[in-house]
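Student: Contents of work.txt (compact mmCIF, C-alpha atoms) are given next:
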```txt
# COMPACT_ATOMS: atom_id res chain seq x y z
CA MET A 133 25.44 -25.79 15.49
CA LEU A 134 23.30 -22.80 16.44
CA ASN A 135 20.36 -24.80 17.70
CA PRO A 136 21.58 -25.29 21.30
CA PHE A 137 22.07 -21.52 21.67
CA LEU A 138 18.93 -20.29 19.90
CA LYS A 139 16.40 -23.09 20.30
CA ASN A 140 14.39 -21.16 22.91
CA LYS A 141 14.09 -18.00 20.81
CA LYS A 142 11.22 -17.06 18.54
CA PHE A 143 11.70 -15.13 15.30
CA ILE A 144 9.85 -13.32 12.56
CA TYR A 145 11.50 -12.57 9.21
CA ILE A 146 10.82 -9.17 7.61
CA ASP A 147 11.59 -8.11 4.03
CA PRO A 148 11.73 -4.28 4.02
CA SER A 149 11.26 -4.17 0.25
CA ILE A 150 7.59 -5.03 0.87
CA LEU A 151 6.09 -2.07 2.72
CA GLY A 152 2.94 -4.07 3.41
CA GLY A 153 5.06 -6.25 5.73
CA LEU A 154 5.00 -3.34 8.14
CA ILE A 155 1.64 -4.62 9.38
CA ASN A 156 3.52 -7.50 11.01
CA LEU A 157 5.39 -5.02 13.18
CA LEU A 158 2.23 -3.06 14.05
CA TYR A 159 0.53 -6.25 15.13
CA LEU A 160 3.54 -7.62 17.05
CA SER A 161 3.76 -4.38 19.00
CA LYS A 162 0.49 -5.55 20.60
CA GLU A 163 1.84 -9.00 21.43
CA ASN A 164 3.11 -9.55 24.96
CA LYS A 165 5.67 -12.15 23.87
CA LYS A 166 9.42 -12.35 23.54
CA PHE A 167 10.68 -12.63 19.98
CA GLU A 168 13.40 -11.38 17.64
CA ILE A 169 12.78 -9.50 14.39
CA ILE A 170 15.05 -10.46 11.49
CA ILE A 171 15.49 -7.72 8.89
CA ASP A 172 16.66 -9.20 5.58
CA PRO A 173 20.45 -8.53 5.64
CA SER A 174 20.71 -8.11 1.88
CA HIS A 175 18.99 -4.73 2.25
CA LEU A 176 21.30 -3.71 5.08
CA PHE A 177 24.42 -4.05 2.95
CA PHE A 178 23.12 -3.57 -0.57
CA LYS A 179 20.84 -0.61 -0.07
CA LYS A 180 18.37 0.21 -2.80
CA LYS A 181 17.02 3.75 -2.69
CA ILE A 182 13.38 2.77 -3.11
CA VAL A 183 13.45 0.03 -0.46
CA ASN A 184 11.89 1.18 2.83
CA LEU A 185 14.77 0.18 5.09
CA GLU A 186 14.82 3.32 7.27
CA ILE A 187 11.09 3.05 7.96
CA PHE A 188 11.43 -0.57 9.07
CA LEU A 189 14.47 0.20 11.22
CA LYS A 190 12.57 3.01 12.93
CA ALA A 191 9.60 0.71 13.56
CA PHE A 192 12.00 -1.97 14.82
CA SER A 193 13.73 0.34 17.30
CA ILE A 194 10.45 1.52 18.83
CA ILE A 195 8.73 -1.86 18.93
CA MET A 196 11.78 -3.76 20.22
CA LYS A 197 12.97 -0.80 22.36
CA LYS A 198 16.51 -1.20 21.01
CA LYS A 199 18.49 -0.59 17.85
CA LEU A 200 19.10 -3.38 15.37
CA ASN A 201 22.30 -5.30 16.14
CA ILE A 202 23.63 -6.16 12.68
CA PHE A 203 25.83 -9.01 13.92
CA TYR A 204 23.01 -10.80 15.76
CA ASN A 205 20.64 -10.04 12.91
CA ILE A 206 22.92 -11.96 10.52
CA ILE A 207 23.27 -14.88 12.95
CA TYR A 208 19.50 -15.01 13.38
CA TYR A 209 19.02 -14.82 9.62
CA PHE A 210 21.30 -17.78 8.94
CA TYR A 211 19.58 -19.73 11.69
CA TYR A 212 16.19 -18.94 10.18
CA LYS A 213 17.36 -19.88 6.66
CA SER A 214 18.94 -23.12 7.83
CA ASN A 215 15.64 -24.16 9.45
CA LEU A 216 13.42 -22.92 6.63
CA TYR A 217 12.83 -26.30 5.01
CA THR A 218 12.91 -28.40 8.15
CA ASP A 219 10.24 -29.45 10.61
CA ASN A 220 11.85 -27.18 13.20
CA ILE A 221 10.76 -24.02 11.37
CA LYS A 222 7.34 -24.26 13.05
CA ASN A 223 9.02 -24.19 16.46
CA ILE A 224 11.18 -21.12 15.91
CA LEU A 225 8.73 -18.77 14.15
CA ILE A 226 6.25 -16.47 15.83
CA HIS A 227 3.09 -15.74 13.86
CA GLY A 228 2.76 -12.24 12.49
CA TYR A 229 -0.34 -10.64 11.04
CA ILE A 230 -2.79 -13.13 9.50
CA HIS A 231 -5.73 -12.07 7.32
CA ARG A 232 -9.15 -12.80 8.84
CA ASP A 233 -7.66 -14.23 12.05
CA ASN A 234 -10.10 -13.39 14.85
CA CYS A 235 -7.41 -13.14 17.55
CA VAL A 236 -5.30 -10.81 15.42
CA TYR A 237 -8.29 -8.60 14.57
CA LYS A 238 -9.33 -8.37 18.23
CA LYS A 239 -5.87 -7.13 19.24
CA LEU A 240 -5.88 -4.46 16.54
CA TYR A 241 -9.55 -3.54 16.95
CA ASN A 242 -10.47 0.13 17.39
CA GLN A 243 -6.93 1.37 18.03
CA ASN A 244 -6.44 5.14 18.10
CA LYS A 245 -2.77 5.56 19.02
CA ILE A 246 0.16 5.91 16.66
CA TYR A 247 2.25 2.74 16.68
CA PHE A 248 5.60 4.41 15.94
CA ASP A 249 6.30 8.09 15.45
CA ILE A 250 9.09 10.35 14.20
CA SER A 251 10.86 12.76 16.52
CA ASN A 252 11.79 15.41 13.96
CA ASN A 253 8.73 16.83 12.20
CA LYS A 254 10.70 18.94 9.77
CA SER A 255 12.11 18.06 6.36
CA THR A 256 15.47 19.18 5.02
CA ASP A 257 13.56 20.30 1.90
CA ASN A 258 11.78 23.66 2.12
CA GLU A 259 9.31 22.62 -0.57
CA ILE A 260 8.13 19.73 1.58
CA ASN A 261 7.97 21.91 4.72
CA ASN A 262 5.80 24.42 2.86
CA LEU A 263 3.49 21.61 1.75
CA LEU A 264 3.19 20.26 5.30
CA LYS A 265 1.65 23.57 6.39
CA LYS A 266 -1.21 23.13 3.91
CA LYS A 267 -4.32 20.94 3.81
CA TYR A 268 -3.65 18.10 1.38
CA LEU A 269 -4.94 14.75 0.19
CA LEU A 270 -2.29 12.08 -0.25
CA PHE A 271 -2.98 9.37 -2.81
CA SER A 272 -1.15 6.50 -4.45
CA CYS A 273 -1.86 4.49 -7.58
CA ARG A 274 -0.59 0.94 -7.59
CA ASP A 275 1.15 -0.33 -10.75
CA SER A 276 3.97 -2.78 -11.58
CA ALA A 277 6.88 -0.32 -11.53
CA TYR A 278 7.98 -0.93 -7.91
CA LYS A 279 7.95 -4.73 -8.19
CA LYS A 280 9.93 -4.57 -11.43
CA LYS A 281 12.55 -2.33 -9.83
CA ILE A 282 13.21 -4.31 -6.64
CA SER A 283 12.97 -7.79 -8.12
CA ASN A 284 14.28 -9.58 -11.16
CA LEU A 285 11.28 -11.90 -10.96
CA GLU A 286 8.43 -11.58 -13.42
CA SER A 287 5.61 -9.70 -11.66
CA SER A 288 2.64 -10.02 -14.02
CA HIS A 289 1.04 -12.52 -11.61
CA HIS A 290 0.06 -9.48 -9.53
CA SER A 291 -1.12 -7.30 -12.41
CA TYR A 292 -4.72 -7.83 -11.25
CA ARG A 293 -3.94 -5.37 -8.44
CA ASN A 294 -2.92 -2.50 -10.73
CA GLU A 295 -4.79 0.79 -11.10
CA ASN A 296 -5.15 3.53 -13.70
CA ILE A 297 -3.70 6.91 -12.65
CA SER A 298 -6.13 8.84 -14.89
CA ASN A 299 -9.08 7.65 -12.76
CA PHE A 300 -7.48 9.22 -9.69
CA GLU A 301 -6.72 12.48 -11.48
CA LEU A 302 -10.29 12.81 -12.74
CA ALA A 303 -11.70 11.92 -9.33
CA LEU A 304 -9.49 14.13 -7.18
CA THR A 305 -8.87 17.33 -9.15
CA PRO A 306 -12.31 18.73 -8.09
CA PHE A 307 -10.92 18.86 -4.53
CA LEU A 308 -8.48 21.56 -5.65
CA LYS A 309 -11.49 23.90 -5.65
CA LYS A 310 -12.21 22.82 -2.06
CA ASN A 311 -8.83 24.18 -0.94
CA PHE A 312 -7.11 20.80 -0.81
CA GLN A 313 -3.65 20.32 -2.28
CA LEU A 314 -3.18 16.99 -4.09
CA VAL A 315 -0.02 14.94 -3.55
CA ARG A 316 0.72 11.72 -5.39
CA PHE A 317 2.60 9.32 -3.08
CA GLY A 318 4.97 6.43 -3.80
CA SER A 319 8.59 5.60 -4.52
CA LYS A 320 8.22 4.32 -8.08
CA ALA A 321 5.56 4.52 -10.79
CA GLU A 322 5.13 3.92 -14.50
CA LYS A 323 3.40 7.21 -15.43
CA ARG A 324 3.56 10.78 -14.19
CA CYS A 325 0.44 12.73 -13.34
CA SER A 326 -0.69 14.69 -16.38
CA ASP A 327 -2.27 17.50 -14.34
CA LYS A 328 0.48 19.93 -13.27
CA LYS A 329 -1.62 21.12 -10.32
CA ILE A 330 -0.96 17.76 -8.66
CA PHE A 331 2.35 17.54 -6.83
CA ASP A 332 3.75 14.28 -8.19
CA TYR A 333 6.02 13.49 -5.25
CA THR A 334 6.84 10.07 -6.74
CA PHE A 335 8.73 11.69 -9.62
CA SER A 336 10.17 14.57 -7.60
CA LYS A 337 13.73 15.03 -6.38
CA PHE A 338 12.39 15.27 -2.81
CA ARG A 339 11.32 11.64 -2.52
CA ASN A 340 13.01 9.87 0.40
CA GLU A 341 11.88 7.83 3.40
CA LYS A 342 12.00 10.74 5.86
CA ASN A 343 9.72 12.75 3.60
CA ASP A 344 7.49 9.68 3.14
CA LEU A 345 6.90 9.62 6.89
CA LEU A 346 6.33 13.37 7.12
CA LEU A 347 3.87 13.46 4.23
CA MET A 348 1.88 10.54 5.59
CA LYS A 349 1.83 11.83 9.16
CA ASN A 350 0.56 15.28 8.16
CA CYS A 351 -1.94 14.48 5.39
CA ASP A 352 -5.67 15.03 5.88
CA ILE A 353 -6.69 11.78 4.19
CA TYR A 354 -4.79 8.94 2.53
CA ILE A 355 -6.37 7.46 -0.62
CA GLY A 356 -5.27 4.23 -2.27
CA THR A 357 -5.62 0.48 -2.47
CA GLY A 358 -4.14 -2.09 -0.09
CA SER A 359 -0.57 -2.08 -1.38
CA GLY A 360 1.82 -1.02 1.41
CA PRO A 361 1.53 2.75 1.85
CA ASP A 362 -1.86 2.15 3.49
CA ILE A 363 -0.07 0.38 6.37
CA LEU A 364 1.97 3.54 6.88
CA ALA A 365 -1.31 5.48 7.01
CA MET A 366 -2.61 2.93 9.48
CA ASN A 367 0.47 3.46 11.65
CA PHE A 368 -0.23 7.20 11.91
CA GLN A 369 -3.98 6.60 12.37
CA LYS A 370 -4.82 8.67 9.30
CA PRO A 371 -8.28 8.59 7.72
CA ILE A 372 -8.10 6.15 4.81
CA VAL A 373 -10.22 5.89 1.68
CA TYR A 374 -9.54 2.45 0.27
CA THR A 375 -10.05 2.28 -3.49
CA ASN A 376 -10.12 -0.82 -5.70
CA TRP A 377 -10.11 -3.20 -2.73
CA ILE A 378 -9.99 -6.68 -4.25
CA HIS A 379 -10.36 -9.26 -1.46
CA PRO A 380 -13.53 -8.49 0.59
CA PRO A 381 -12.86 -11.15 3.28
CA ASN A 382 -9.49 -9.52 4.06
CA LEU A 383 -10.78 -6.04 4.93
CA PHE A 384 -8.96 -4.34 7.83
CA THR A 385 -12.23 -3.92 9.69
CA PHE A 386 -10.36 -3.33 12.96
CA GLN A 387 -9.21 0.07 11.69
CA ASN A 388 -11.08 3.31 12.42
CA ASN A 389 -11.79 6.19 10.02
CA VAL A 390 -12.04 4.13 6.85
CA VAL A 391 -14.26 4.36 3.77
CA VAL A 392 -13.84 1.54 1.26
CA ILE A 393 -14.89 0.85 -2.32
CA PHE A 394 -14.23 -2.43 -4.11
CA LYS A 395 -13.18 -3.61 -7.50
CA LYS A 396 -16.02 -5.50 -9.15
CA VAL A 397 -15.58 -9.06 -10.43
CA PHE A 398 -17.24 -9.61 -13.80
CA ASP A 399 -17.94 -13.18 -14.89
CA LYS A 400 -17.49 -12.94 -18.67
CA LYS A 401 -18.82 -16.45 -19.28
CA ASN A 402 -22.15 -15.78 -17.56
CA LYS A 403 -22.09 -12.05 -18.38
CA LYS A 404 -22.77 -10.84 -14.85
CA TYR A 405 -21.02 -9.42 -11.80
CA ILE A 406 -20.40 -11.63 -8.77
CA PRO A 407 -22.22 -10.29 -5.67
CA TYR A 408 -20.11 -9.38 -2.64
CA LYS A 409 -22.02 -11.85 -0.44
CA LYS A 410 -20.51 -14.60 -2.55
CA LEU A 411 -17.04 -13.05 -2.53
CA ILE A 412 -16.92 -12.89 1.29
CA ASP A 413 -17.91 -16.57 1.48
CA LEU A 414 -14.75 -18.71 1.69
CA ASN A 415 -16.79 -21.72 0.58
CA PHE A 416 -17.52 -20.06 -2.77
CA LYS A 417 -15.07 -21.84 -5.07
CA PHE A 418 -14.91 -22.85 -8.70
CA LYS A 419 -14.55 -26.47 -9.69
CA ASN A 420 -11.08 -27.95 -9.09
CA GLU A 421 -9.82 -24.69 -7.55
CA GLU A 422 -8.81 -24.77 -3.88
CA THR A 423 -8.68 -20.98 -3.40
CA PRO A 424 -12.01 -19.20 -2.77
CA VAL A 425 -12.89 -16.75 -5.53
CA GLY A 426 -12.97 -13.83 -3.08
CA ILE A 427 -9.26 -14.20 -2.29
CA PHE A 428 -7.79 -15.15 -5.68
CA ASP A 429 -4.26 -13.76 -5.45
CA GLU A 430 -2.82 -14.33 -8.92
CA THR A 431 -3.79 -12.91 -12.29
CA ASN A 432 -3.86 -16.33 -13.92
CA GLN A 433 -6.63 -17.44 -11.52
CA TYR A 434 -8.90 -14.69 -12.81
CA ASN A 435 -7.93 -15.47 -16.40
CA LYS A 436 -8.45 -19.20 -15.92
CA PHE A 437 -12.09 -18.71 -14.94
CA ASN A 438 -12.78 -15.90 -17.41
CA LEU A 439 -13.14 -13.23 -14.74
CA GLU A 440 -12.44 -9.54 -15.23
CA LEU A 441 -11.69 -7.12 -12.43
CA ILE A 442 -13.33 -3.73 -12.98
CA GLU A 443 -11.60 -0.71 -11.45
CA ASN A 444 -13.39 1.99 -9.54
CA SER A 445 -14.61 4.80 -11.78
CA PRO A 446 -13.72 8.45 -11.09
CA ASP A 447 -17.21 9.18 -9.73
CA GLU A 448 -16.92 6.27 -7.26
CA ILE A 449 -13.55 7.51 -6.02
CA PHE A 450 -14.72 11.15 -5.84
CA ASN A 451 -17.81 10.29 -3.82
CA ALA A 452 -15.95 7.99 -1.43
CA VAL A 453 -13.49 10.80 -0.66
CA SER A 454 -16.34 13.33 -0.38
CA GLU A 455 -18.11 11.10 2.12
CA MET A 456 -14.96 10.88 4.21
CA THR A 457 -14.30 14.65 4.15
CA ASN A 458 -17.94 15.43 4.99
CA PHE A 459 -18.11 12.75 7.68
CA ARG A 460 -15.03 14.16 9.37
CA CYS A 461 -16.53 17.65 9.62
CA GLY A 462 -19.96 16.43 10.74
CA LYS A 463 -21.78 17.09 7.45
CA PHE A 464 -22.51 13.45 6.58
CA ASN A 465 -23.70 10.33 8.40
CA PHE A 466 -23.65 6.82 6.97
CA ASP A 467 -26.97 5.01 6.69
CA LYS A 468 -26.98 1.97 9.00
CA GLU A 469 -29.33 -0.07 6.82
CA LEU A 470 -27.09 0.37 3.78
CA GLN A 471 -23.99 -0.44 5.83
CA ASP A 472 -25.60 -3.58 7.22
CA SER A 473 -26.24 -4.87 3.71
CA PHE A 474 -22.52 -5.68 3.71
CA LYS A 475 -21.50 -5.67 7.36
CA VAL A 476 -24.01 -8.22 8.62
CA PRO A 477 -23.12 -11.00 6.14
CA PHE A 478 -19.42 -10.14 6.49
CA THR A 479 -19.49 -10.57 10.27
CA GLU A 480 -21.54 -13.77 9.97
CA LYS A 481 -18.93 -15.27 7.64
CA THR A 482 -15.72 -14.02 9.26
CA LYS A 483 -16.76 -13.43 12.90
CA ASN A 484 -14.76 -10.18 12.75
CA LEU A 485 -16.35 -6.92 13.91
CA PHE A 486 -16.17 -3.49 12.31
CA SER A 487 -14.59 -0.62 14.20
CA PRO A 488 -17.11 2.19 14.89
CA SER A 489 -15.99 4.41 12.01
CA PHE A 490 -15.29 1.83 9.29
CA PHE A 491 -17.71 2.29 6.37
CA ILE A 492 -18.44 1.15 2.85
CA SER A 493 -19.07 4.14 0.59
CA GLU A 494 -22.79 4.87 0.56
CA TYR A 495 -22.65 6.14 -3.03
CA PHE A 496 -20.90 2.93 -4.08
CA ILE A 497 -23.53 0.74 -2.40
CA LYS A 498 -26.41 2.66 -4.00
CA LYS A 499 -24.79 2.63 -7.43
CA ASN A 500 -24.09 -1.12 -7.22
CA ILE A 501 -27.04 -2.12 -5.02
CA ASN A 502 -27.60 -5.38 -6.92
CA LEU A 503 -24.16 -6.55 -5.73
CA PHE A 504 -25.12 -5.99 -2.07
CA ASN A 505 -28.50 -7.77 -2.13
```
Go through the file and emit its structure as structure tokens.
Tutor:
Amino acid sequence: MLNPFLKNKKFIYIDPSILGGLINLLYLSKENKKFEIIIDPSHLFFKKKIVNLEIFLKAFSIIMKKKLNIFYNIIYYFYYKSNLYTDNIKNILIHGYIHRDNCVYKKLYNQNKIYFDISNNKSTDNEINNLLKKKYLLFSCRDSAYKKKISNLESSHHSYRNENISNFELALTPFLKKNFQLVRFGSKAEKRCSDKKIFDYTFSKFRNEKNDLLLMKNCDIYIGTGSGPDILAMNFQKPIVYTNWIHPPNLFTFQNNVVVIFKKVFDKKNKKYIPYKKLIDLNFKFKNEETPVGIFDETNQYNKFNLELIENSPDEIFNAVSEMTNFRCGKFNFDKELQDSFKVPFTEKTKNLFSPSFFISEYFIKKNINLFN
């Protein structure tokens, strides 16, 4: 019934409960094409406090240069759902962000402008306003709490992405002596920070989406893995220290002001770590497994092949952040030869370039040099 009226339109469906989906909107803001964004209606009418609806609506209004029309949004949603399992779905969808896609990476390469901003730079909470006047590091620690809250589905298939909050506390508390405040970011978490000197915003009464935007926009550096909040940091062009990055081929190498450290993959059967040159190779696969090892995306894949993911240690996190802080004030330069030990094979395999100020932590390379040879 709707096909005659909508057959010439292109759509992209967005679920605002997944903050990482924001990268679709950042990328599409660079596309000179006509399309409609569909925001999942269930979140419009059945609002959940930890779902990032306001952030997505703000991004929508700036990218589309109009406010969301709820009526049309519902019509578009039903049209999208009715085509979902038909051959026509390929005709009505516009492609969003795609990992490793050369065209996508070229359009996002070396950007330095904020994608969408906020007009009011003041919080309704004095405690947050006082914090915004200070120099602070914003960090998040990915665990299963958010997924469990927003979905009734079992989420252990993504447990391989989780991190240990104590590693971040041990790594970052030394920066308190360097006149940085420490702020733990996120809407939901399993454990509170044990160190009372850290402002655990996640468990505070001040946590809301407006304050999320303010804290991210005004932080000195954002620290965390690729789990959603990093896309918000990317939006505001904040310096990012990526910790526990799992999929080397999927690095956001188009982004500037980045230092990254990886989780290590330990092969328990052969009792050795898998080098990163193998992990960036999409032809490196185990027998009878279609997915390359470097982009395994379910816990059972790692378990099936007796692989263990090793988190970044506190010293690795501390030094990655130190390198970023020192680089930003001109006290540190990254060694090109060390960088090329990863960047050259990466570019050969993916054909994607690195933005001028995207680096792998020098301390991490030296400490794990056998994984970069």
Student: Ile182 in chain A: which residues within 9 Å, counting all atoms listed in the file, same-chain residues fewer than 3 positions away excluded, as a ChimeraX atom specification?
Tutor: /A:149,179,185,278,281-282,319-320,340-341
Student: Rounded to one decimal place, report the CA of Lys401 in chain A-CA of Glu430 in chain A distance in Å.
Tutor: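 A separation of 19.2 Å between them.
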Student: Please list as an mmCIF file with C-alpha atoms, in the coordinates of the input every residue within 12 Å of Lys162 in chain A, counting only C-alpha atoms and excluding residues in the same chain fewer than 2 positions away.
Tutor:
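Written out: around_4.cif:
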```cif
data_model
loop_
_atom_site.group_PDB
_atom_site.id
_atom_site.type_symbol
_atom_site.label_atom_id
_atom_site.label_comp_id
_atom_site.auth_asym_id
_atom_site.auth_seq_id
_atom_site.Cartn_x
_atom_site.Cartn_y
_atom_site.Cartn_z
ATOM 1 C CA ILE A 155 1.640 -4.620 9.380
ATOM 2 C CA ASN A 156 3.520 -7.500 11.010
ATOM 3 C CA LEU A 157 5.390 -5.020 13.180
ATOM 4 C CA LEU A 158 2.230 -3.060 14.050
ATOM 5 C CA TYR A 159 0.530 -6.250 15.130
ATOM 6 C CA LEU A 160 3.540 -7.620 17.050
ATOM 7 C CA ASN A 164 3.110 -9.550 24.960
ATOM 8 C CA LYS A 165 5.670 -12.150 23.870
ATOM 9 C CA LYS A 166 9.420 -12.350 23.540
ATOM 10 C CA ILE A 195 8.730 -1.860 18.930
ATOM 11 C CA MET A 196 11.780 -3.760 20.220
ATOM 12 C CA GLY A 228 2.760 -12.240 12.490
ATOM 13 C CA TYR A 229 -0.340 -10.640 11.040
ATOM 14 C CA CYS A 235 -7.410 -13.140 17.550
ATOM 15 C CA VAL A 236 -5.300 -10.810 15.420
ATOM 16 C CA TYR A 237 -8.290 -8.600 14.570
ATOM 17 C CA LYS A 238 -9.330 -8.370 18.230
ATOM 18 C CA LYS A 239 -5.870 -7.130 19.240
ATOM 19 C CA LEU A 240 -5.880 -4.460 16.540
ATOM 20 C CA TYR A 241 -9.550 -3.540 16.950
ATOM 21 C CA GLN A 243 -6.930 1.370 18.030
ATOM 22 C CA LYS A 245 -2.770 5.560 19.020
ATOM 23 C CA TYR A 247 2.250 2.740 16.680
#
```
Student: May I ask which of the residues A:Ser161, A:Asn484, A:Asn220, A:Thr357 is the closest one to Lys197 in chain A, counting all atoms listed in the file?
Tutor: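 Checking each of A:Ser161, A:Asn484, A:Asn220, A:Thr357 against Lys197 in chain A, counting all atoms listed in the file, the winner is A:Ser161.
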Student: Between A:Asn376, A:Asn253, A:Asn465, A:Ser336, which is the closest to Glu448 in chain A once you count all atoms listed in the file?
Tutor: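 Under the stated criterion, the closest residue is A:Asn376.
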Student: Measuring between only C-alpha atoms, which one of A:Ser291, A:Asn502, A:Asn262, A:Ser489 shows the shortest distance to Asn435 in chain A?
Tutor: A:Ser291
Student: I want to know what sits within 12 Å of Phe486 in chain A, based on all atoms listed in the file, with residues of the same chain fewer than 3 positions away left out; could you give that as a ChimeraX atom specification?
Tutor: /A:234,237-238,240-243,383-391,471-472,474-480,482-483,489-492
Student: Pick out the closest residue to Tyr212 in chain A from this set: A:Phe394, A:Phe178, A:Phe143, A:Phe167. Count all atoms listed in the file.
Tutor: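 Smallest distance to Tyr212 in chain A is found for A:Phe143.
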Student: Nearest to Lys396 in chain A among A:Ser445, A:Ser473, A:Asn184, A:Asn223, with distances taken over only C-alpha atoms: which residue is it?
Tutor: A:Ser445
Student: With all atoms listed in the file as the atoms that count, which of A:Val425, A:Ile449, A:Ile363, A:Ile260 lies nearest to Phe307 in chain A?
Tutor: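 Looking only at the distances to Phe307 in chain A, the closest residue turns out to be A:Ile449.
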Student: Neighbouring residues of Ile207 in chain A were defined as those with any atom within 12 Å, considering all atoms listed in the file; residues of the same chain fewer than 2 positions away were excluded. Please report them as a ChimeraX atom specification.
Tutor: /A:133-135,137-138,143,168-173,201-205,209-214
Student: Would you compute the distance between CA of Ile226 in chain A and CA of Ile246 in chain A? Give it in Å to one decimal.
Tutor: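 These atoms are spaced 23.2 Å apart.
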Student: Could you jot down the CA of Glu186 in chain A to CA of Ala321 in chain A separation for me, Å, one decimal place?
Tutor: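 Distance reported for this atom pair: 20.3 Å.
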